[in-house]
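Text of run_18.cif (mmCIF, C-alpha atoms) as supplied:
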```
data_input
loop_
_atom_site.group_PDB
_atom_site.id
_atom_site.type_symbol
_atom_site.label_atom_id
_atom_site.label_comp_id
_atom_site.auth_asym_id
_atom_site.auth_seq_id
_atom_site.Cartn_x
_atom_site.Cartn_y
_atom_site.Cartn_z
ATOM 1 C CA MET C 153 -72.988 -8.268 51.651
ATOM 2 C CA PRO C 154 -69.674 -8.318 49.727
ATOM 3 C CA SER C 155 -69.725 -9.951 46.306
ATOM 4 C CA PRO C 156 -68.438 -13.557 46.285
ATOM 5 C CA HIS C 157 -66.149 -12.452 43.464
ATOM 6 C CA ARG C 158 -64.484 -9.709 45.519
ATOM 7 C CA PRO C 159 -60.915 -10.523 46.562
ATOM 8 C CA GLU C 160 -60.228 -11.762 50.063
ATOM 9 C CA ALA C 161 -56.768 -10.233 49.928
ATOM 10 C CA ILE C 162 -55.113 -7.335 48.104
ATOM 11 C CA CYS C 163 -51.336 -7.081 47.720
ATOM 12 C CA LEU C 164 -49.780 -3.819 46.485
ATOM 13 C CA GLY C 165 -46.216 -3.177 45.390
ATOM 14 C CA GLU C 166 -43.656 -3.160 42.609
ATOM 15 C CA THR C 167 -42.919 -6.185 40.464
ATOM 16 C CA MET C 168 -39.932 -6.247 38.129
ATOM 17 C CA ALA C 169 -38.481 -8.266 35.312
ATOM 18 C CA GLN C 170 -35.869 -10.598 36.792
ATOM 19 C CA LEU C 171 -32.876 -11.823 34.812
ATOM 20 C CA THR C 172 -30.804 -14.732 36.125
ATOM 21 C CA PRO C 173 -27.797 -16.506 34.569
ATOM 22 C CA ALA C 174 -29.148 -19.705 33.052
ATOM 23 C CA ASP C 175 -25.897 -21.584 33.676
ATOM 24 C CA GLY C 176 -25.641 -20.669 37.373
ATOM 25 C CA VAL C 177 -22.394 -18.725 37.090
ATOM 26 C CA GLY C 178 -21.947 -15.014 37.759
ATOM 27 C CA LEU C 179 -23.158 -12.375 35.323
ATOM 28 C CA GLU C 180 -19.603 -11.451 34.403
ATOM 29 C CA HIS C 181 -19.014 -14.881 32.853
ATOM 30 C CA SER C 182 -22.511 -16.157 32.006
ATOM 31 C CA GLY C 183 -23.376 -16.845 28.385
ATOM 32 C CA GLU C 184 -27.153 -16.413 28.680
ATOM 33 C CA VAL C 185 -29.801 -15.292 31.134
ATOM 34 C CA ARG C 186 -33.336 -16.413 31.974
ATOM 35 C CA LEU C 187 -36.203 -13.941 32.178
ATOM 36 C CA ALA C 188 -38.689 -14.279 35.022
ATOM 37 C CA VAL C 189 -41.087 -12.133 37.028
ATOM 38 C CA ALA C 190 -40.414 -11.191 40.649
ATOM 39 C CA GLY C 191 -41.806 -8.868 43.295
ATOM 40 C CA ALA C 192 -42.457 -9.389 47.000
ATOM 41 C CA GLU C 193 -46.146 -8.516 46.936
ATOM 42 C CA SER C 194 -47.052 -10.230 43.661
ATOM 43 C CA THR C 195 -45.215 -13.340 44.891
ATOM 44 C CA VAL C 196 -47.450 -13.385 47.959
ATOM 45 C CA ALA C 197 -50.504 -12.832 45.747
ATOM 46 C CA GLN C 198 -49.593 -15.736 43.464
ATOM 47 C CA TYR C 199 -49.027 -18.150 46.319
ATOM 48 C CA LEU C 200 -52.319 -17.114 47.917
ATOM 49 C CA ALA C 201 -54.119 -17.727 44.605
ATOM 50 C CA ASP C 202 -52.409 -21.138 44.344
ATOM 51 C CA LEU C 203 -53.813 -21.943 47.786
ATOM 52 C CA GLY C 204 -57.358 -21.130 46.675
ATOM 53 C CA HIS C 205 -57.778 -17.543 47.832
ATOM 54 C CA ARG C 206 -59.333 -14.788 45.748
ATOM 55 C CA THR C 207 -56.440 -12.370 45.518
ATOM 56 C CA ALA C 208 -55.714 -9.097 43.711
ATOM 57 C CA TRP C 209 -52.420 -7.394 42.957
ATOM 58 C CA VAL C 210 -52.222 -3.602 42.523
ATOM 59 C CA SER C 211 -49.262 -1.775 41.004
ATOM 60 C CA ARG C 212 -47.951 0.209 38.044
ATOM 61 C CA VAL C 213 -45.901 -1.133 35.158
ATOM 62 C CA GLY C 214 -44.371 0.500 32.121
ATOM 63 C CA ASP C 215 -45.892 0.373 28.650
ATOM 64 C CA ASP C 216 -43.204 -2.059 27.522
ATOM 65 C CA PRO C 217 -42.647 -5.784 26.942
ATOM 66 C CA PHE C 218 -41.516 -6.335 30.531
ATOM 67 C CA GLY C 219 -44.679 -4.737 31.926
ATOM 68 C CA ARG C 220 -46.941 -6.737 29.644
ATOM 69 C CA ARG C 221 -45.127 -9.957 30.494
ATOM 70 C CA ILE C 222 -45.411 -9.289 34.227
ATOM 71 C CA VAL C 223 -49.144 -8.602 34.112
ATOM 72 C CA ALA C 224 -49.847 -11.642 31.934
ATOM 73 C CA SER C 225 -47.715 -13.895 34.146
ATOM 74 C CA VAL C 226 -49.339 -12.836 37.423
ATOM 75 C CA ALA C 227 -52.825 -12.979 35.891
ATOM 76 C CA GLY C 228 -52.025 -16.445 34.598
ATOM 77 C CA ARG C 229 -51.688 -17.656 38.174
ATOM 78 C CA GLY C 230 -55.289 -16.652 38.907
ATOM 79 C CA VAL C 231 -54.562 -13.249 40.473
ATOM 80 C CA ASP C 232 -56.877 -10.304 39.727
ATOM 81 C CA VAL C 233 -54.764 -7.630 37.981
ATOM 82 C CA GLU C 234 -57.499 -5.091 37.234
ATOM 83 C CA GLY C 235 -55.808 -2.685 39.651
ATOM 84 C CA VAL C 236 -52.528 -2.610 37.715
ATOM 85 C CA ALA C 237 -52.050 0.682 35.836
ATOM 86 C CA VAL C 238 -49.877 1.148 32.754
ATOM 87 C CA ASP C 239 -47.569 4.171 32.836
ATOM 88 C CA ARG C 240 -46.659 5.363 29.340
ATOM 89 C CA HIS C 241 -43.942 7.691 30.622
ATOM 90 C CA ALA C 242 -41.837 5.402 32.834
ATOM 91 C CA PRO C 243 -40.306 1.946 32.399
ATOM 92 C CA THR C 244 -40.877 -1.291 34.228
ATOM 93 C CA GLY C 245 -38.102 -1.983 36.739
ATOM 94 C CA VAL C 246 -35.522 -4.674 36.034
ATOM 95 C CA TYR C 247 -33.091 -6.543 38.262
ATOM 96 C CA PHE C 248 -30.343 -9.093 37.796
ATOM 97 C CA LYS C 249 -29.328 -11.960 40.071
ATOM 98 C CA ASP C 250 -25.576 -12.505 40.236
ATOM 99 C CA PRO C 251 -24.690 -15.884 41.806
ATOM 100 C CA GLY C 252 -21.281 -16.076 43.414
ATOM 101 C CA PRO C 253 -18.871 -19.017 43.742
ATOM 102 C CA ASP C 254 -19.468 -19.155 47.497
ATOM 103 C CA GLY C 255 -23.196 -19.873 47.059
ATOM 104 C CA THR C 256 -24.362 -16.337 47.819
ATOM 105 C CA THR C 257 -26.307 -14.277 45.299
ATOM 106 C CA ARG C 258 -25.930 -10.542 44.808
ATOM 107 C CA VAL C 259 -28.802 -8.581 43.309
ATOM 108 C CA HIS C 260 -28.408 -5.577 40.987
ATOM 109 C CA TYR C 261 -31.484 -3.349 40.676
ATOM 110 C CA TYR C 262 -32.343 -0.963 37.831
ATOM 111 C CA ARG C 263 -35.542 0.554 39.159
ATOM 112 C CA ARG C 264 -34.839 4.288 39.654
ATOM 113 C CA GLY C 265 -37.685 6.227 38.038
ATOM 114 C CA SER C 266 -39.652 3.037 37.390
ATOM 115 C CA ALA C 267 -43.383 3.124 36.768
ATOM 116 C CA ALA C 268 -44.084 1.635 40.195
ATOM 117 C CA SER C 269 -41.884 4.195 41.944
ATOM 118 C CA ARG C 270 -44.148 6.913 40.511
ATOM 119 C CA MET C 271 -47.173 5.701 42.484
ATOM 120 C CA THR C 272 -48.712 8.263 44.830
ATOM 121 C CA ALA C 273 -51.586 8.517 47.286
ATOM 122 C CA ALA C 274 -53.858 9.030 44.258
ATOM 123 C CA ASP C 275 -53.261 5.386 43.335
ATOM 124 C CA ALA C 276 -55.247 4.400 46.420
ATOM 125 C CA ARG C 277 -58.383 4.926 44.324
ATOM 126 C CA ARG C 278 -57.561 1.603 42.630
ATOM 127 C CA VAL C 279 -57.706 -0.203 45.976
ATOM 128 C CA ASP C 280 -61.308 -0.933 46.936
ATOM 129 C CA LEU C 281 -61.279 -2.434 50.431
ATOM 130 C CA ASP C 282 -65.022 -3.082 50.619
ATOM 131 C CA GLY C 283 -65.350 -6.659 51.843
ATOM 132 C CA VAL C 284 -61.584 -7.277 51.633
ATOM 133 C CA ARG C 285 -60.256 -9.194 54.640
ATOM 134 C CA LEU C 286 -56.549 -8.552 54.163
ATOM 135 C CA LEU C 287 -54.342 -5.777 52.754
ATOM 136 C CA HIS C 288 -50.705 -6.854 52.416
ATOM 137 C CA LEU C 289 -47.919 -4.278 52.031
ATOM 138 C CA THR C 290 -44.171 -4.382 52.558
ATOM 139 C CA GLY C 291 -41.409 -2.014 53.589
ATOM 140 C CA ILE C 292 -40.110 -1.975 50.019
ATOM 141 C CA THR C 293 -42.877 0.308 48.754
ATOM 142 C CA PRO C 294 -42.377 3.308 51.067
ATOM 143 C CA ALA C 295 -38.658 3.226 50.232
ATOM 144 C CA LEU C 296 -39.245 3.715 46.495
ATOM 145 C CA SER C 297 -40.304 7.385 46.602
ATOM 146 C CA GLU C 298 -42.112 10.004 48.659
ATOM 147 C CA GLY C 299 -45.239 9.327 46.612
ATOM 148 C CA CYS C 300 -45.074 5.626 47.409
ATOM 149 C CA ALA C 301 -44.591 6.393 51.100
ATOM 150 C CA GLU C 302 -47.695 8.603 51.020
ATOM 151 C CA LEU C 303 -49.612 5.802 49.294
ATOM 152 C CA VAL C 304 -48.704 3.303 52.003
ATOM 153 C CA ASP C 305 -49.709 5.798 54.701
ATOM 154 C CA THR C 306 -53.052 6.411 52.990
ATOM 155 C CA LEU C 307 -53.768 2.699 52.632
ATOM 156 C CA ALA C 308 -52.891 2.006 56.276
ATOM 157 C CA GLU C 309 -55.469 4.624 57.289
ATOM 158 C CA ARG C 310 -58.087 3.223 54.920
ATOM 159 C CA ALA C 311 -57.532 -0.338 56.126
ATOM 160 C CA ALA C 312 -58.163 0.765 59.708
ATOM 161 C CA ALA C 313 -61.339 2.582 58.679
ATOM 162 C CA ALA C 314 -62.568 -0.413 56.678
ATOM 163 C CA SER C 315 -61.746 -2.980 59.409
ATOM 164 C CA THR C 316 -59.447 -4.712 56.911
ATOM 165 C CA LEU C 317 -56.434 -6.457 58.437
ATOM 166 C CA PHE C 318 -53.285 -4.526 57.522
ATOM 167 C CA SER C 319 -50.513 -7.079 57.069
ATOM 168 C CA PHE C 320 -47.019 -5.559 56.924
ATOM 169 C CA ASP C 321 -43.823 -7.403 56.030
ATOM 170 C CA VAL C 322 -40.834 -5.238 57.007
ATOM 171 C CA ASN C 323 -38.740 -6.461 54.024
ATOM 172 C CA TYR C 324 -35.810 -4.130 54.753
ATOM 173 C CA ARG C 325 -33.760 -3.363 51.623
ATOM 174 C CA PRO C 326 -30.795 -1.182 52.723
ATOM 175 C CA ALA C 327 -29.953 -0.013 49.190
ATOM 176 C CA LEU C 328 -33.351 1.671 48.851
ATOM 177 C CA TRP C 329 -32.972 3.922 51.899
ATOM 178 C CA SER C 330 -30.836 7.013 52.368
ATOM 179 C CA SER C 331 -29.761 5.727 55.786
ATOM 180 C CA ARG C 332 -30.438 2.943 58.259
ATOM 181 C CA GLU C 333 -31.810 5.525 60.697
ATOM 182 C CA GLN C 334 -34.421 6.706 58.186
ATOM 183 C CA ALA C 335 -35.474 3.127 57.449
ATOM 184 C CA ALA C 336 -35.653 2.254 61.140
ATOM 185 C CA GLU C 337 -37.934 5.197 61.890
ATOM 186 C CA VAL C 338 -40.316 4.718 58.951
ATOM 187 C CA LEU C 339 -40.563 0.940 59.237
ATOM 188 C CA LEU C 340 -41.085 1.042 62.997
ATOM 189 C CA ALA C 341 -43.974 3.492 62.608
ATOM 190 C CA LEU C 342 -45.641 1.286 59.990
ATOM 191 C CA ALA C 343 -45.099 -1.879 62.029
ATOM 192 C CA ARG C 344 -46.827 -0.288 64.998
ATOM 193 C CA ARG C 345 -49.859 0.550 62.847
ATOM 194 C CA ALA C 346 -50.270 -2.931 61.374
ATOM 195 C CA GLY C 347 -52.554 -5.652 62.664
ATOM 196 C CA LEU C 348 -50.015 -8.270 61.568
ATOM 197 C CA VAL C 349 -46.269 -7.707 61.284
ATOM 198 C CA LEU C 350 -43.808 -10.123 59.670
ATOM 199 C CA VAL C 351 -40.107 -9.458 60.171
ATOM 200 C CA GLY C 352 -36.861 -11.375 59.901
ATOM 201 C CA ARG C 353 -34.768 -11.636 63.058
ATOM 202 C CA ASP C 354 -31.772 -10.467 61.037
ATOM 203 C CA GLU C 355 -33.747 -7.427 59.827
ATOM 204 C CA GLY C 356 -34.675 -6.560 63.389
ATOM 205 C CA GLU C 357 -31.056 -6.735 64.487
ATOM 206 C CA ALA C 358 -29.888 -4.591 61.551
ATOM 207 C CA LEU C 359 -32.604 -1.962 61.967
ATOM 208 C CA TRP C 360 -33.145 -1.694 65.703
ATOM 209 C CA GLY C 361 -30.412 -3.736 67.363
ATOM 210 C CA ALA C 362 -33.010 -6.278 68.516
ATOM 211 C CA GLY C 363 -31.248 -9.586 67.965
ATOM 212 C CA THR C 364 -33.798 -12.074 69.315
ATOM 213 C CA ALA C 365 -37.482 -12.704 68.730
ATOM 214 C CA ASP C 366 -38.306 -11.621 72.289
ATOM 215 C CA ALA C 367 -36.265 -8.428 71.929
ATOM 216 C CA LEU C 368 -38.034 -7.616 68.670
ATOM 217 C CA HIS C 369 -41.423 -8.112 70.284
ATOM 218 C CA ALA C 370 -40.468 -5.817 73.137
ATOM 219 C CA HIS C 371 -39.113 -3.135 70.792
ATOM 220 C CA LEU C 372 -41.887 -3.136 68.212
ATOM 221 C CA ALA C 373 -44.684 -3.303 70.787
ATOM 222 C CA PRO C 374 -47.133 -4.264 68.019
ATOM 223 C CA ARG C 375 -50.817 -3.540 68.454
ATOM 224 C CA GLY C 376 -51.652 -6.897 66.883
ATOM 225 C CA VAL C 377 -49.788 -10.058 65.938
ATOM 226 C CA LEU C 378 -46.028 -10.274 65.329
ATOM 227 C CA VAL C 379 -44.336 -13.104 63.431
ATOM 228 C CA VAL C 380 -40.533 -13.238 63.639
ATOM 229 C CA LYS C 381 -38.812 -15.311 60.941
ATOM 230 C CA ASP C 382 -35.401 -16.690 61.868
ATOM 231 C CA GLY C 383 -34.202 -18.397 58.707
ATOM 232 C CA ALA C 384 -33.278 -22.042 59.117
ATOM 233 C CA VAL C 385 -34.080 -21.926 62.857
ATOM 234 C CA GLY C 386 -37.836 -21.356 62.719
ATOM 235 C CA ALA C 387 -40.522 -18.758 63.296
ATOM 236 C CA THR C 388 -42.195 -17.351 66.413
ATOM 237 C CA ARG C 389 -45.670 -15.854 66.566
ATOM 238 C CA PHE C 390 -46.513 -13.370 69.335
ATOM 239 C CA SER C 391 -50.046 -12.333 70.229
ATOM 240 C CA GLY C 392 -50.816 -10.556 73.455
ATOM 241 C CA GLY C 393 -48.757 -12.228 76.136
ATOM 242 C CA ALA C 394 -48.505 -15.579 74.356
ATOM 243 C CA SER C 395 -45.945 -16.904 71.890
ATOM 244 C CA GLU C 396 -45.673 -19.980 69.684
ATOM 245 C CA PHE C 397 -42.529 -21.300 67.983
ATOM 246 C CA VAL C 398 -42.340 -23.782 65.094
ATOM 247 C CA ALA C 399 -38.957 -24.998 63.861
ATOM 248 C CA ALA C 400 -38.097 -24.782 60.170
ATOM 249 C CA PRO C 401 -37.549 -28.048 58.292
ATOM 250 C CA ALA C 402 -34.065 -28.917 57.072
ATOM 251 C CA VAL C 403 -33.633 -27.828 53.435
ATOM 252 C CA ASP C 404 -30.808 -28.133 50.906
ATOM 253 C CA VAL C 405 -30.766 -24.463 49.940
ATOM 254 C CA VAL C 406 -30.241 -23.492 46.323
ATOM 255 C CA GLU C 407 -31.005 -19.803 46.867
ATOM 256 C CA ALA C 408 -32.629 -17.847 49.700
ATOM 257 C CA VAL C 409 -34.117 -14.960 47.684
ATOM 258 C CA GLY C 410 -37.929 -15.002 47.873
ATOM 259 C CA ALA C 411 -38.264 -17.438 50.766
ATOM 260 C CA GLY C 412 -39.529 -14.769 53.159
ATOM 261 C CA ASP C 413 -42.376 -13.841 50.811
ATOM 262 C CA ALA C 414 -43.309 -17.511 50.381
ATOM 263 C CA PHE C 415 -43.387 -17.904 54.172
ATOM 264 C CA ALA C 416 -45.606 -14.831 54.470
ATOM 265 C CA ALA C 417 -48.055 -16.245 51.929
ATOM 266 C CA GLY C 418 -48.273 -19.560 53.758
ATOM 267 C CA TYR C 419 -48.908 -17.902 57.093
ATOM 268 C CA LEU C 420 -51.497 -15.552 55.568
ATOM 269 C CA SER C 421 -53.294 -18.445 53.907
ATOM 270 C CA GLY C 422 -53.530 -20.232 57.235
ATOM 271 C CA LEU C 423 -54.854 -17.062 58.826
ATOM 272 C CA LEU C 424 -57.529 -16.620 56.125
ATOM 273 C CA THR C 425 -58.672 -20.215 56.457
ATOM 274 C CA GLY C 426 -58.657 -20.094 60.259
ATOM 275 C CA VAL C 427 -56.320 -23.011 60.942
ATOM 276 C CA PRO C 428 -54.465 -23.161 64.287
ATOM 277 C CA VAL C 429 -51.367 -21.019 64.745
ATOM 278 C CA ARG C 430 -48.891 -23.902 64.551
ATOM 279 C CA GLU C 431 -50.375 -24.969 61.209
ATOM 280 C CA ARG C 432 -50.068 -21.397 59.869
ATOM 281 C CA LEU C 433 -46.378 -21.303 60.764
ATOM 282 C CA ALA C 434 -45.813 -24.810 59.365
ATOM 283 C CA LEU C 435 -47.485 -23.879 56.065
ATOM 284 C CA GLY C 436 -45.249 -20.820 55.876
ATOM 285 C CA HIS C 437 -42.189 -23.041 56.343
ATOM 286 C CA ARG C 438 -43.359 -25.477 53.642
ATOM 287 C CA LEU C 439 -43.773 -22.739 51.045
ATOM 288 C CA ALA C 440 -40.450 -21.176 52.027
ATOM 289 C CA ALA C 441 -38.742 -24.571 51.654
ATOM 290 C CA ARG C 442 -40.149 -24.904 48.131
ATOM 291 C CA THR C 443 -38.628 -21.559 47.202
ATOM 292 C CA LEU C 444 -35.300 -22.304 48.887
ATOM 293 C CA ARG C 445 -34.842 -25.308 46.594
ATOM 294 C CA SER C 446 -35.132 -23.142 43.468
ATOM 295 C CA ILE C 447 -33.529 -20.102 41.845
ATOM 296 C CA GLU C 448 -37.028 -18.665 41.292
ATOM 297 C CA ASP C 449 -38.787 -16.341 43.756
ATOM 298 C CA TYR C 450 -42.161 -17.931 43.009
ATOM 299 C CA VAL C 451 -42.356 -21.710 42.594
ATOM 300 C CA PRO C 452 -45.804 -23.144 41.776
ATOM 301 C CA ALA C 453 -46.816 -26.464 43.236
ATOM 302 C CA GLU C 454 -46.148 -29.498 41.073
ATOM 303 C CA GLY C 455 -48.891 -29.999 38.536
ATOM 304 C CA ARG C 456 -49.944 -26.352 38.482
#
```
As structure tokens - that is how I would like this structure written.
Amino acid sequence: MPSPHRPEAICLGETMAQLTPADGVGLEHSGEVRLAVAGAESTVAQYLADLGHRTAWVSRVGDDPFGRRIVASVAGRGVDVEGVAVDRHAPTGVYFKDPGPDGTTRVHYYRRGSAASRMTAADARRVDLDGVRLLHLTGITPALSEGCAELVDTLAERAAAASTLFSFDVNYRPALWSSREQAAEVLLALARRAGLVLVGRDEGEALWGAGTADALHAHLAPRGVLVVKDGAVGATRFSGGASEFVAAPAVDVVEAVGAGDAFAAGYLSGLLTGVPVRERLALGHRLAARTLRSIEDYVPAEGR
């Protein structure tokens, strides 16, 4: 029997130091910046821990102040970070948010050669799936390097062998790929191997020309469950021949970055606790709304 202290869920991927203008204006004119911690997979891990789930985050960070801050911050939210390695030969990645006057935010990444991008299939040894119910990965990781792509492939195989649910959020980042065609091929193959796929409708249109939830379901032909996120409209869950749609609540949006990861965490929490499908989607929307009202990617509940 698995130990009661073993994680229910493991999330693997890069987390970076995030710098954002403290005064809300663009980087070109800002007088100071705020330092925070941000990464798709660690964001999911932190929200899951907030919701009472035993969760681990696995990655690599540099032997530098940013890496130490990241690990301490994620651990401080109750996430197991024993699987995070320190690379003494590569830095922790950094990115800057650059808010524009029209309300949009551009993001500038400085992650080439980062510690996390140097992960390989050998890093799978730090991922023990014994008794783990959920392995969550995103399409960011295989885009970082060939080694990272091999790691994701290895973990997908191991999850299948261990009967661990492989949850895959497409998380398409065009700047990380050499071409849209390469991204479309790699991400489609991973989506078809996953037991749960999360994808934005806009991502599906950009990658595969599938502009509706139904078209995405037909194109991906997932072997398990598909959840299509459509921003302020809502989210649709497909399983077998059935579908369920839940509208998103109205939100005064401050910034959209990170909302998709918050939604994923809410849905995954509902899945782990076994609540009905509509409640899973609604919980995803509630966490996404919390993030949309903030400039932070991860926003803890009040009082935490």
Item checked: All residues 12 Å or closer to Gly204 in chain C, all atoms listed in the file, same chain fewer than 5 positions away omitted, as a PyMOL selection string -> chain C and resi 159-161+197-199+229-231+417-418+421-422+424-425
I want to know what sits within 8 Å of range 248-263 of chain C, based on only C-alpha atoms, with residues of the same chain fewer than 4 positions away left out; could you give that as a CSV table (one decimal) with C-alpha atoms, keeping the file's coordinate frame?
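Below is the file part-v8.csv, written as the result:
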```
chain,number,residue,atom,x,y,z
C,170,GLN,CA,-35.9,-10.6,36.8
C,171,LEU,CA,-32.9,-11.8,34.8
C,172,THR,CA,-30.8,-14.7,36.1
C,173,PRO,CA,-27.8,-16.5,34.6
C,176,GLY,CA,-25.6,-20.7,37.4
C,177,VAL,CA,-22.4,-18.7,37.1
C,178,GLY,CA,-21.9,-15.0,37.8
C,179,LEU,CA,-23.2,-12.4,35.3
C,244,THR,CA,-40.9,-1.3,34.2
C,269,SER,CA,-41.9,4.2,41.9
C,406,VAL,CA,-30.2,-23.5,46.3
C,407,GLU,CA,-31.0,-19.8,46.9
```
Next item on the list: Within 9 Å of range 317-331 of chain C, counting all atoms listed in the file, which residues show up once you throw out same-chain ones fewer than 6 positions away? Write them as a ChimeraX atom specification, please.
Entry: /C:192,284-292,295-296,307-308,311,339-340,342-343,345-352,355-356,359,412-413,416,420
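Note that the spacing between CA of Pro428 in chain C and CA of Pro401 in chain C amounts to 18.6 Å.
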Next item on the list: On this file, the PyMOL selection byres ((chain C and resi 220) around 12) gives some set of residues; write that set as a ChimeraX atom specification.
Entry: /C:167-169,189,212-219,221-227,233,236-239,243-244
Print the selection's residues with C-alpha atoms to a file, as a PDB file, keeping the file's coordinate frame.
```pdb
ATOM      1  CA  THR C 167     -42.919  -6.185  40.464  1.00  0.00           C
ATOM      2  CA  MET C 168     -39.932  -6.247  38.129  1.00  0.00           C
ATOM      3  CA  ALA C 169     -38.481  -8.266  35.312  1.00  0.00           C
ATOM      4  CA  VAL C 189     -41.087 -12.133  37.028  1.00  0.00           C
ATOM      5  CA  ARG C 212     -47.951   0.209  38.044  1.00  0.00           C
ATOM      6  CA  VAL C 213     -45.901  -1.133  35.158  1.00  0.00           C
ATOM      7  CA  GLY C 214     -44.371   0.500  32.121  1.00  0.00           C
ATOM      8  CA  ASP C 215     -45.892   0.373  28.650  1.00  0.00           C
ATOM      9  CA  ASP C 216     -43.204  -2.059  27.522  1.00  0.00           C
ATOM     10  CA  PRO C 217     -42.647  -5.784  26.942  1.00  0.00           C
ATOM     11  CA  PHE C 218     -41.516  -6.335  30.531  1.00  0.00           C
ATOM     12  CA  GLY C 219     -44.679  -4.737  31.926  1.00  0.00           C
ATOM     13  CA  ARG C 221     -45.127  -9.957  30.494  1.00  0.00           C
ATOM     14  CA  ILE C 222     -45.411  -9.289  34.227  1.00  0.00           C
ATOM     15  CA  VAL C 223     -49.144  -8.602  34.112  1.00  0.00           C
ATOM     16  CA  ALA C 224     -49.847 -11.642  31.934  1.00  0.00           C
ATOM     17  CA  SER C 225     -47.715 -13.895  34.146  1.00  0.00           C
ATOM     18  CA  VAL C 226     -49.339 -12.836  37.423  1.00  0.00           C
ATOM     19  CA  ALA C 227     -52.825 -12.979  35.891  1.00  0.00           C
ATOM     20  CA  VAL C 233     -54.764  -7.630  37.981  1.00  0.00           C
ATOM     21  CA  VAL C 236     -52.528  -2.610  37.715  1.00  0.00           C
ATOM     22  CA  ALA C 237     -52.050   0.682  35.836  1.00  0.00           C
ATOM     23  CA  VAL C 238     -49.877   1.148  32.754  1.00  0.00           C
ATOM     24  CA  ASP C 239     -47.569   4.171  32.836  1.00  0.00           C
ATOM     25  CA  PRO C 243     -40.306   1.946  32.399  1.00  0.00           C
ATOM     26  CA  THR C 244     -40.877  -1.291  34.228  1.00  0.00           C
TER      27      THR C 244
END
```
Margin query: Using the chain letters and numbers from this file, what does the PyMOL selection byres ((chain C and resi 443-445) around 10) select? Give the answer as an MDAnalysis selection string.
Written below: chainID C and resid 403:415 437:442 446:452
Note to self: Between CA of Arg240 in chain C and CA of Met271 in chain C, what distance in Å does the model show, to one decimal?
What the structure shows: 13.2 Å
Notebook entry, point to check: If you apply the PyMOL selection byres ((chain C and resi 304) around 9) to this file, what residues do you get, as a ChimeraX atom specification?
Noted result: /C:272-273,276,289-290,293-294,299-303,305-309,342
Next item on the list: To one decimal in Å, tell me the separation between CA of Arg278 in chain C and CA of Trp209 in chain C.
Entry: 10.4 Å
Item checked: Selection near range 388-398 of chain C, 12 Å with all atoms listed in the file, sequence-local residues under 6 positions removed, as a PyMOL selection string -> chain C and resi 347-353+364-370+372-382+419+428-438
Return as AutoDock Vina command-line options the box centre and box size in Å, one decimal, for an axis-aligned box around all listed atoms of range 277-291 of chain C padded by 5 Å per side.
```
--center_x -53.4 --center_y -2.1 --center_z 48.6 --size_x 33.9 --size_y 24.1 --size_z 22.0
```
